[in-house]
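Right, one structure below, let's go through it.
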Amino acid sequence: MPAPIQPLPLSSWRLPSTGRPFLVAGPCGVETPEQVHSIAAELSRLPVHLIRGGIWKPRTRPDSFQGIGMEGLVWLKEAGIATGLPVAVEVATPRHVEEALSAGIDVLWIGARTTVNPFLVQELANALVGSDVPVMVKNPINPDPELWIGALERLDRSGIRKLAAIHRGFSSFDKSRFRNIPNWQIPIELKRRFPDLPMLCDPSHICGNREMIPEVAQTAMDLNFDGLMIEVHNNPGEARSDKEQQLTPSQYGELLGNLIIRRPSVDDVIFLNLLDELRDRIDRMDENILSLMADRMRIAREIGRYKKENNMAIYQVERWNEILRTRQQSGVNKELNREFIVRLYELIHEESIRHQTEVMKNHEITSANSPES
Ligand code: PEP
Ligand code: MN
């Protein structure tokens with residue numbers, strides 16, 4: 001739920017690029033000097049602002065490639081110098097910070113598995129005191145915006161003055177076409193609270209496959225994200241990590257060529273009038289939806305009173321199944337998304353039950369304290 005608070009000041013990185021999107025590209029993991037030089041050289045002929053390369057890889061299973069380690073820092077930095085591009089690595093421990101900074105790495109990022117851990121983030125923040133390196137913070141693997149903000153705040157409190165956020169999707173046990181579900185409302189909420197904080201999208205880790213990357217990158221641009229981080233490998237099929245989701249440099253070039261960059265606002269008067277009119281209509285519809293919801297909850301309470309008089313339980317599974325089935329059917333007939341209908345009715349049903357529980361507990365909601373008064 002959007003917090004009705006004033007945005008806190010967070011030191012935001014002024015991205016070193018003119019216009020959107022700020023582009024970060026490079027391999028999931030640095031593997032050999034030849035690999036990283038070849039990728040950087042090919043990328044330098046395409047639009048790119050920062051080369052990424054993982055040196056220490058946080059892998060789920062112990063037998064997977066854990067990253068090439070410290071010697072890779074030198075290869076990455078040399079590839080950056082040879083192509084005139086700054087380079088970025090992921091850091092997960094204070095030792096990584098120390099080694100990356102002494103190797104002259106230009107930008108650091110904190111991975112999703114680290115952002116979840118406030119102890120570790122605090123240790124990284126402490127290790128970064130006194131440095132002016134830009135730090136990009138990926139969202140935590142679980143969909144918790146406060147944890148993401150908390151990590152940014154810890155870095156901010158340590159005096160890091162160049163912060164950015166990277167949206168890489170959220171882990172879920174549920175089956176999905178995404179490797180990590182985007183939950184776009186979470187980065188949007190972050191952007192609402194911290195309008196100056198650069199928000200990048202990492203379609204590679206959201207998709208988990210090459211094919212969907214253009215679609216997700218385009219959605220990020222349509223949602224006015226500031227940049228993209230994309231995994232690019234010279235030979236993705238042989239990559240030692242994330243081989244399904246890495247693009248070749250030419251696929252990356254093609255993706256950028258097809259990307260439509262829309263403006264965040266326009267000054268065409270006719271268009272703006274039309275937009276105002278459509279937004280007025282939406283405002284009136286929302287008023288109607290809220291009045292209907294208030295009526296619906298009033299009736300739910302009335303049902304609650306009858307159930308109480310007749311000593312009947314609040315929740316009847318057959319009734320809930322019937323609501324779910326009929327509303328899905330009706331919604332789909334109206335070309336609404338089935339998943340949206342289910343989520344909407346879960347919320348409405350939960351709120352109805354809350355109202356009926358109040359009635360049962362004898363705390364009849366009066367007009368003085370009812371939510372809709
Ligand atoms: C990565 O960028 O290679 C990585 C490990 O990402 P994440 O932290 O998003 O899983
Ligand atoms: Mn990766």
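Lettering and numbering for the structure tokens are positional, with chains as A, B, ... in the shown order, residues counted from 1 in each chain, and ligands counted from 1 in the shown order.
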Contacts of stretch 328-330 of chain A at 7 Å or less, counting only C-alpha atoms, minus same-chain residues fewer than 5 places along, as a PDB file with N, CA, C and O atoms, in the first residue's frame?
```
ATOM      1  N   ARG A 338      -7.695 -12.828 -16.134  1.00  0.00           N
ATOM      2  CA  ARG A 338      -8.197 -13.758 -15.113  1.00  0.00           C
ATOM      3  C   ARG A 338      -7.457 -13.582 -13.773  1.00  0.00           C
ATOM      4  O   ARG A 338      -8.058 -13.536 -12.716  1.00  0.00           O
ATOM      5  N   ILE A 341      -8.678 -10.596 -11.910  1.00  0.00           N
ATOM      6  CA  ILE A 341      -9.985 -10.815 -11.269  1.00  0.00           C
ATOM      7  C   ILE A 341      -9.798 -11.602  -9.965  1.00  0.00           C
ATOM      8  O   ILE A 341     -10.378 -11.266  -8.941  1.00  0.00           O
ATOM      9  N   VAL A 342      -8.962 -12.641 -10.030  1.00  0.00           N
ATOM     10  CA  VAL A 342      -8.765 -13.460  -8.826  1.00  0.00           C
ATOM     11  C   VAL A 342      -8.157 -12.613  -7.705  1.00  0.00           C
ATOM     12  O   VAL A 342      -8.627 -12.608  -6.570  1.00  0.00           O
TER      13      VAL A 342
END
```
Collect all residues with atoms no farther than 8 Å from ligand 2, counting only C-alpha atoms and all ligand atoms, and output them as a PyMOL selection string. chain A and resi 27-29+54+204-205+231+241-242
Keeping N, CA, C and O atoms for every residue in the selection just given, could you write it to a file as a compact mmCIF listing (two decimals), in the first residue's frame?
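Result went into part-v1.txt, see below:
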```txt
# COMPACT_ATOMS: atom_id res chain seq x y z
N PRO A 27 29.02 -9.53 -19.39
CA PRO A 27 28.72 -10.92 -19.05
C PRO A 27 28.17 -11.09 -17.65
O PRO A 27 28.45 -10.27 -16.77
N CYS A 28 27.41 -12.17 -17.45
CA CYS A 28 26.98 -12.54 -16.10
C CYS A 28 28.27 -12.67 -15.27
O CYS A 28 28.42 -12.00 -14.26
N GLY A 29 29.19 -13.48 -15.73
CA GLY A 29 30.45 -13.67 -15.01
C GLY A 29 31.65 -13.46 -15.91
O GLY A 29 31.64 -13.85 -17.09
N GLY A 54 30.43 -10.13 -13.40
CA GLY A 54 30.48 -10.70 -12.05
C GLY A 54 31.80 -11.40 -11.83
O GLY A 54 32.31 -12.14 -12.69
N SER A 204 17.39 -9.37 -17.96
CA SER A 204 18.02 -10.69 -18.06
C SER A 204 17.60 -11.59 -16.90
O SER A 204 17.19 -12.74 -17.10
N HIS A 205 17.71 -11.06 -15.66
CA HIS A 205 17.36 -11.89 -14.50
C HIS A 205 15.85 -11.98 -14.29
O HIS A 205 15.38 -12.91 -13.63
N GLU A 231 22.65 -8.73 -19.61
CA GLU A 231 23.79 -9.64 -19.68
C GLU A 231 24.12 -9.96 -21.14
O GLU A 231 23.25 -10.42 -21.90
N SER A 241 27.76 -19.33 -16.44
CA SER A 241 26.58 -19.08 -15.60
C SER A 241 25.54 -18.36 -16.46
O SER A 241 25.89 -17.65 -17.40
N ASP A 242 24.27 -18.58 -16.13
CA ASP A 242 23.14 -17.92 -16.80
C ASP A 242 23.22 -17.97 -18.33
O ASP A 242 22.98 -16.96 -19.01
```
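Between A:Leu247 and the candidates A:Val121, A:Ala25, A:Gly84, A:Val332, the tightest atom-to-atom separation, counting only C-alpha atoms, involves A:Ala25.
Our summary of the geometry notes that atom CA of A:Thr114 is positioned 10.4 Å from atom CA of A:Trp148.
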Counting only C-alpha atoms and all ligand atoms, what are the residues, protein, DNA or RNA alike, that approach ligand 1 to within 10 Å? I want them as a PyMOL selection string. chain A and resi 26-29+52-60+89-92+109-115+137-141+166-171+180+202-206+229-231+241-242
If you count only C-alpha atoms, the residue of A:Ala294, A:Ile270, A:Val133, A:Ala239 closest to A:Gly67 turns out to be A:Ala239
Pick from A:Ile81, A:Ile39, A:Val48, A:Val135: nearest to A:Trp13, with only C-alpha atoms counted? A:Val135
Please determine, counting only C-alpha atoms, which residue among A:Gly257, A:Gly304, A:Gly227, A:Pro182 has the shortest atom-to-atom distance to A:Leu23. A:Gly227
Might you pull out every residue within 12 Å of A:Gly331, with only C-alpha atoms counted and same-chain residues fewer than 4 positions away left off, and present them as a PyMOL selection string? chain A and resi 323-327+335-342+344-345
Contacts of A:Val129 at 9 Å or less, counting only C-alpha atoms, minus same-chain residues fewer than 2 places along, as a ChimeraX atom specification? /A:124-127,131-132,155,158-160
Between atom CA of A:Glu318 and atom CA of A:Asp295, distance in Å (one decimal): 23.1 Å
